[in-house]
Structures are given as C-alpha cells and as structure tokens.
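Participant: One structure, as structure tokens, below. Some questions next.
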Amino acid sequence: MPFWVAVITGVVLGSLARLAMLRTDYRQYPSYPHGYASHLALGVIAAFTGAAVVPAFIEKEFTAVTFLVLVAQQFREIRDLERRTLDRLEETQLVRRGAGYVEDIAKVFEARNYLTIFAAMTASTVAYLGAASEVMPWPAAALAGSTAGLGVVLYGKRGLDRRPVGAICRVREGRLHFRDTLLYVDDILIMEIGLAEGREAYERHGIGVVIEPKDDDARATLANLGQRQAIAHDTAAIMGLRKDIGTPEFTPLVRLDLETGRAAMAIVPVEQDVGPLLDAVRSVPVIEGARTRPLATKPGRRAAD
C-alpha cells in the first residue's frame with residue numbers, strides 16, 4: 001500500500017507541475033496543440049520515473065533505479081530534437097529568433113523535465129514515508145507528499161525563471177526620424193532605406209525604442225547579437241509587424257551605440273500603442289547565452305570605476 005500511494009502521488013503531482021510549466025511557454029512554443037501534447041506526455045513519463053525511483057530503492061528493487069539514467073539520456077535527446085525543430089521553423093519566421101534564443105528555449109524544456117522528476121521524487125518519498133510509518137492515514141500521507149512536491153516546483157521554477165530585459169535596462173520611446181535616406185532613433189543609426197515608400201511607411205507607422213543598460217553587466221548582455229535578435233523577434237510576435245516577403249526594410253533591427261552601450265530599435269508594428277510595445281520589449285527574457293557579468297571580476301570592476 002505505501003508503495004502505490006507514493007507512486008500515484010508522485011505521478012499526479014509531477015504531471016500537474018509539468019502542465020503548469022508548459023502554459024508559461026506558450027508564446028515561445030512552436031507547435032500547438034501537437035507539441036503541447038507531446039511535451040505533456042514526456043512530463044508524465046518524467047513524473048512516473050521520479051515517483052518510482054525512491055520507493056523502488058527502499059523496497060530494494062535496485063534494477064528500477066537504473067531507468068533514471070536512461071530517462072535522463074532520453075531528455076538530452078529531446079533537447080536536441082527541440083533545437084532541430086526550432087531551427088527548421090526559423091525558415092518560416094518573418095523575424096527570426098536567432099540561434100541564441102533557440103538554444104535557450106531548448107535548454108528550458110530540458111531543465112523543466114528534470115524539475116518534474118525532482119518534484120515527483122520528493123512527493124513520492126514524503127508520501128511513502130508517511131504511509132509506511134502508520135502515523136498518518138494514506139490520504140494525509142498523499143497530501144503531505146503533494147505539499148512537499150509543490151514546494152520543490154515553486155522553488156525550482158523561481159530559480160529557472162529568467163530575468164526580463166526590463167530588469168536590467170531602462171526602455172523608453174525614441175524619436176524616429178530620417179537624415180536623407182538614413183533611419184535614426186534618437187542619435188543611433190538603424191539602417192538606410194532607399195525607397196520613398198519605405199520611408200513614408202516608417203514616418204507614418206514606425207515607432208522607435210531606446211534601450212539603456214543600467215550597468216556594465218547589462219551593457220555586455222545588450223551587446224550580444226542573440227539577445228538583440230530575441231528582442232526584435234518577441235516584440236514583432238507580440239505587437240504584429242507590417243511586413244511580408246520581399247520587404248526586408250521592415251524587418252526590425254536592434255542597433256548598438258558603441259559610445260554609450262545603448263541600443264535602439266525601429267519597428268513598424270500592426271498595433272500602434274507605444275505603451276504595450278515598450279512593455280513587450282521589457283518582458284523579453286534575458287537569454288542564458290547572453291548573460292555576462294564583467295562586474296563580477298576584479299578587472300571589470302576596476303574598468304567601471
């Protein structure tokens with residue numbers, strides 16, 4: 001009886017946890033609902049693996065523990081599959097995510113499967129110990145295990161959540177204007193637009209955004225090409241884009257001011273509200289490959305002084 005109480009508690013808690021974490025990734029996920037269903041199925045497998053490991057070990061079923069190693073290897077392959085899927089879908093994007101963002105998304109899905117295993121393992125262990133001790137009835141043991149597993153999910157998810165751009169940079173509207181055929185946002189050069197129709201579209205519908213790093217760590221992060229591509233992609237995905245095939249001049253670009261470390265973006269969105277657009281830029285996650293901390297080093301601190 002304690003074994004089955006533990007396993008069922010771990011599987012249910014782990015599956016629900018994976019479902020909750022999948023919802024937060026809807027905007028980044030490439031295929032809905034089929035990809036949603038496949039990742040939920042993998043979450044159930046991860047939950048069952050985590051739920052069965054510790055009770056099997058306590059029951060001296062050591063062979064079952066070896067399945068944990070096999071499942072971990074499978075999740076590594078799932079990460080590669082996710083990366084390849086996103087890479088193929090890049091060809092269909094008007095504004096590409098970029099290699100850095102693709103790798104970041106693949107890592108997140110892999111890590112959340114591991115978090116599902118740990119949550120299910122914790123829930124099943126607590127439930128098993130409670131039911132086996134005969135101090136509490138099995139419903140109370142299942143509730144205690146679920147509470148412990150939920151704590152692991154909340155703590156782990158907090159650690160896995162990435163900081164948004166708005167936490168490390170100040171984002172404001174910039175003045176979008178032309179100097180002859182050169183497009184500027186404030187004093188930052190974006191690109192040259194030769195066609196008069198393109199310049200007219202930017203003047204009528206374009207919005208300029210200036211992103212100012214708060215410190216040298218943020219400045220180094222903003223200098224990363226992958227991070228700037230992620231900003232352009234997410235902003236276009238949220239706000240829409242007046243662009244189709246054959247109009248490369250309407251692709252949003254995030255350009256860097258080498259003197260100050262500021263970045264600027266010119267975009268022609270479908271939705272013309274400046275406030276939501278700035279919020280969209282602020283909500284873009286800081287990708288893992290772009291995070292650098294020069295201020296954590298002694299030379300970096302000396303250079304900043």
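Scheme for the structure tokens: letters A, B, ... for chains in order shown; per-chain residue numbers from 1; ligand numbers from 1 in order shown.
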Excluding same-chain residues fewer than 5 positions from Leu160 of chain A, what lies within 10 Å of it counting only C-alpha atoms, as a compact mmCIF listing (two decimals) with N, CA and C atoms, in the first residue's frame?

Facilitator:
# COMPACT_ATOMS: atom_id res chain seq x y z
N VAL A 108 15.55 25.24 -21.69
CA VAL A 108 14.47 25.43 -20.73
C VAL A 108 13.57 24.19 -20.69
N ALA A 111 15.40 21.38 -18.87
CA ALA A 111 15.50 21.62 -17.44
C ALA A 111 14.18 21.40 -16.73
N ARG A 112 13.08 21.75 -17.38
CA ARG A 112 11.78 21.60 -16.73
C ARG A 112 11.35 20.16 -16.64
N LEU A 115 13.09 19.11 -13.52
CA LEU A 115 12.37 19.63 -12.36
C LEU A 115 11.14 18.78 -12.06
N LEU A 154 7.72 25.18 -6.92
CA LEU A 154 7.74 26.63 -6.78
C LEU A 154 9.16 27.16 -6.60
N TYR A 155 9.95 26.46 -5.78
CA TYR A 155 11.33 26.90 -5.57
C TYR A 155 12.16 26.71 -6.83

Participant: Counting only C-alpha atoms, what is within 8 Å of segment 52-64 of chain A, bar same-chain residues fewer than 2 positions away, as a VMD selection string?

Facilitator: chain A and resid 3 6 to 7 10 48 to 50 66 to 68 121 124 to 125 128

Participant: Could you please determine the separation between atom CA of Arg158 of chain A and atom CA of Val286 of chain A in Å, to one decimal place?

Facilitator: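 Taking atom CA of Arg158 of chain A as the start and atom CA of Val286 of chain A as the end point, the length is 14.8 Å.
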
Participant: Can you check which residues of segment 47-209 of chain A DSSP gives as strand (DSSP E or B) on the backbone and send them as a ChimeraX atom specification?

Facilitator: /A:164,169-174,176-179,182-185,188-192,207-209

Participant: Could you give me, as CSV, every segment 76-193 of chain A residue with an atom at most 9 Å from segment 254-274 of chain A, plus its closest atom pair and distance in Å to one decimal, counting only C-alpha atoms, rows ordered by chain then number?

Facilitator:
residue,atom,partner,partner_atom,distance
A:Glu173,CA,A:Val274,CA,7.4
A:Gly174,CA,A:Ala264,CA,7.8
A:Leu176,CA,A:Ala266,CA,7.2
A:Leu183,CA,A:Ala266,CA,8.4
A:Tyr184,CA,A:Ala266,CA,8.1
A:Val185,CA,A:Ala264,CA,6.3
A:Asp186,CA,A:Ala264,CA,8.3
A:Asp187,CA,A:Asp257,CA,8.7
A:Ile188,CA,A:Asp257,CA,6.1
A:Leu189,CA,A:Arg255,CA,7.3
A:Ile190,CA,A:Arg255,CA,5.9
A:Met191,CA,A:Arg255,CA,8.8

Participant: Just asking: which residues within segment 158-268 of chain A are helix (DSSP H, G or I) according to DSSP, as a PyMOL selection string?

Facilitator: chain A and resi 158-160+165-168+196-205+216-222+225-239+248-250

Participant: Output the selection as a CSV table (one decimal), in the first residue's frame - N, CA and C atoms for each residue.

Facilitator:
chain,number,residue,atom,x,y,z
A,158,ARG,N,11.2,29.2,-9.6
A,158,ARG,CA,11.7,30.5,-9.3
A,158,ARG,C,13.2,30.6,-9.7
A,159,GLY,N,14.0,29.5,-9.5
A,159,GLY,CA,15.4,29.5,-9.9
A,159,GLY,C,15.6,29.5,-11.4
A,160,LEU,N,14.6,28.8,-12.1
A,160,LEU,CA,14.8,28.6,-13.5
A,160,LEU,C,14.3,29.8,-14.3
A,165,VAL,N,14.3,41.8,-19.8
A,165,VAL,CA,15.1,42.9,-20.2
A,165,VAL,C,14.8,44.1,-19.3
A,166,GLY,N,13.6,44.3,-19.0
A,166,GLY,CA,13.2,45.4,-18.2
A,166,GLY,C,13.8,45.5,-16.8
A,167,ALA,N,14.4,44.3,-16.3
A,167,ALA,CA,15.0,44.3,-15.0
A,167,ALA,C,16.5,44.8,-15.1
A,168,ILE,N,17.1,44.8,-16.3
A,168,ILE,CA,18.5,45.2,-16.4
A,168,ILE,C,18.6,46.4,-17.2
A,196,ALA,N,11.3,55.6,-51.3
A,196,ALA,CA,10.5,56.6,-50.7
A,196,ALA,C,9.3,56.0,-50.0
A,197,GLU,N,8.7,54.9,-50.6
A,197,GLU,CA,7.5,54.3,-49.9
A,197,GLU,C,7.9,53.7,-48.6
A,198,GLY,N,9.1,53.2,-48.5
A,198,GLY,CA,9.5,52.6,-47.2
A,198,GLY,C,9.7,53.7,-46.2
A,199,ARG,N,10.3,54.9,-46.6
A,199,ARG,CA,10.5,56.0,-45.6
A,199,ARG,C,9.2,56.5,-45.2
A,200,GLU,N,8.2,56.6,-46.1
A,200,GLU,CA,6.9,57.1,-45.7
A,200,GLU,C,6.2,56.2,-44.7
A,201,ALA,N,6.4,54.9,-44.9
A,201,ALA,CA,5.7,53.9,-44.0
A,201,ALA,C,6.3,54.1,-42.6
A,202,TYR,N,7.6,54.2,-42.5
A,202,TYR,CA,8.2,54.4,-41.2
A,202,TYR,C,7.8,55.7,-40.5
A,203,GLU,N,7.7,56.8,-41.3
A,203,GLU,CA,7.2,58.1,-40.8
A,203,GLU,C,5.8,58.0,-40.3
A,204,ARG,N,4.9,57.2,-41.0
A,204,ARG,CA,3.5,57.2,-40.6
A,204,ARG,C,3.3,56.2,-39.5
A,205,HIS,N,3.9,55.0,-39.6
A,205,HIS,CA,3.5,53.9,-38.7
A,205,HIS,C,4.7,53.5,-37.7
A,216,ASP,N,27.3,47.9,-16.3
A,216,ASP,CA,28.1,47.3,-17.3
A,216,ASP,C,27.8,45.9,-17.6
A,217,ASP,N,27.2,45.2,-16.6
A,217,ASP,CA,26.8,43.8,-16.9
A,217,ASP,C,25.6,43.8,-17.9
A,218,ALA,N,24.7,44.7,-17.7
A,218,ALA,CA,23.6,44.9,-18.7
A,218,ALA,C,24.1,45.3,-20.1
A,219,ARG,N,25.1,46.2,-20.1
A,219,ARG,CA,25.7,46.7,-21.3
A,219,ARG,C,26.3,45.5,-22.1
A,220,ALA,N,27.0,44.6,-21.4
A,220,ALA,CA,27.6,43.4,-22.1
A,220,ALA,C,26.5,42.5,-22.6
A,221,THR,N,25.4,42.3,-21.8
A,221,THR,CA,24.3,41.5,-22.3
A,221,THR,C,23.7,42.1,-23.5
A,222,LEU,N,23.5,43.4,-23.5
A,222,LEU,CA,22.8,44.0,-24.6
A,222,LEU,C,23.7,44.0,-25.9
A,225,LEU,N,24.5,39.7,-29.8
A,225,LEU,CA,23.7,39.6,-31.0
A,225,LEU,C,22.4,38.8,-30.8
A,226,GLY,N,22.6,37.7,-30.1
A,226,GLY,CA,21.5,36.8,-29.8
A,226,GLY,C,20.4,37.5,-29.0
A,227,GLN,N,20.8,38.3,-28.0
A,227,GLN,CA,19.9,39.0,-27.1
A,227,GLN,C,19.1,40.0,-27.9
A,228,ARG,N,19.8,40.7,-28.8
A,228,ARG,CA,19.1,41.8,-29.6
A,228,ARG,C,18.2,41.1,-30.6
A,229,GLN,N,18.5,40.0,-31.1
A,229,GLN,CA,17.6,39.3,-32.1
A,229,GLN,C,16.4,38.8,-31.3
A,230,ALA,N,16.6,38.3,-30.1
A,230,ALA,CA,15.4,37.9,-29.3
A,230,ALA,C,14.5,39.1,-29.0
A,231,ILE,N,15.0,40.2,-28.8
A,231,ILE,CA,14.2,41.4,-28.5
A,231,ILE,C,13.3,41.7,-29.8
A,232,ALA,N,14.0,41.7,-30.9
A,232,ALA,CA,13.3,42.0,-32.2
A,232,ALA,C,12.2,41.0,-32.5
A,233,HIS,N,12.5,39.7,-32.3
A,233,HIS,CA,11.5,38.6,-32.5
A,233,HIS,C,10.3,38.7,-31.6
A,234,ASP,N,10.6,38.8,-30.3
A,234,ASP,CA,9.4,38.8,-29.4
A,234,ASP,C,8.5,40.0,-29.5
A,235,THR,N,9.2,41.2,-29.8
A,235,THR,CA,8.4,42.4,-30.0
A,235,THR,C,7.5,42.3,-31.2
A,236,ALA,N,8.1,41.8,-32.3
A,236,ALA,CA,7.3,41.6,-33.5
A,236,ALA,C,6.2,40.6,-33.3
A,237,ALA,N,6.5,39.5,-32.6
A,237,ALA,CA,5.5,38.4,-32.4
A,237,ALA,C,4.3,38.9,-31.5
A,238,ILE,N,4.6,39.8,-30.6
A,238,ILE,CA,3.5,40.3,-29.7
A,238,ILE,C,2.7,41.4,-30.3
A,239,MET,N,3.4,42.4,-30.9
A,239,MET,CA,2.7,43.6,-31.4
A,239,MET,C,2.3,43.5,-32.9
A,248,PRO,N,12.4,43.5,-46.9
A,248,PRO,CA,13.4,43.4,-45.8
A,248,PRO,C,13.6,44.7,-45.1
A,249,GLU,N,13.2,45.9,-45.7
A,249,GLU,CA,13.4,47.1,-44.9
A,249,GLU,C,12.5,47.3,-43.7
A,250,PHE,N,11.5,46.4,-43.6
A,250,PHE,CA,10.6,46.5,-42.5
A,250,PHE,C,10.9,45.5,-41.4

Participant: Here is a test: counting only C-alpha atoms, which residue of A:Val171, A:Leu94, A:Leu70, A:Leu19 is nearest to Val281 of chain A?

Facilitator: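 Checking each candidate against Val281 of chain A, we get A:Val171 as the closest.
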
Participant: Rounded to one decimal place, report the atom CA of Thr116 of chain A-atom CA of Pro137 of chain A distance in Å.

Facilitator: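 Taking atom CA of Thr116 of chain A and atom CA of Pro137 of chain A, their separation equals 25.7 Å.
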
Participant: Measuring between only C-alpha atoms, which one of A:Asn113, A:Ser15, A:Thr92, A:Ser38 shows the shortest distance to Leu150 of chain A?

Facilitator: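 When distances to Leu150 of chain A are compared using only C-alpha atoms, the smallest one comes from A:Ser15.
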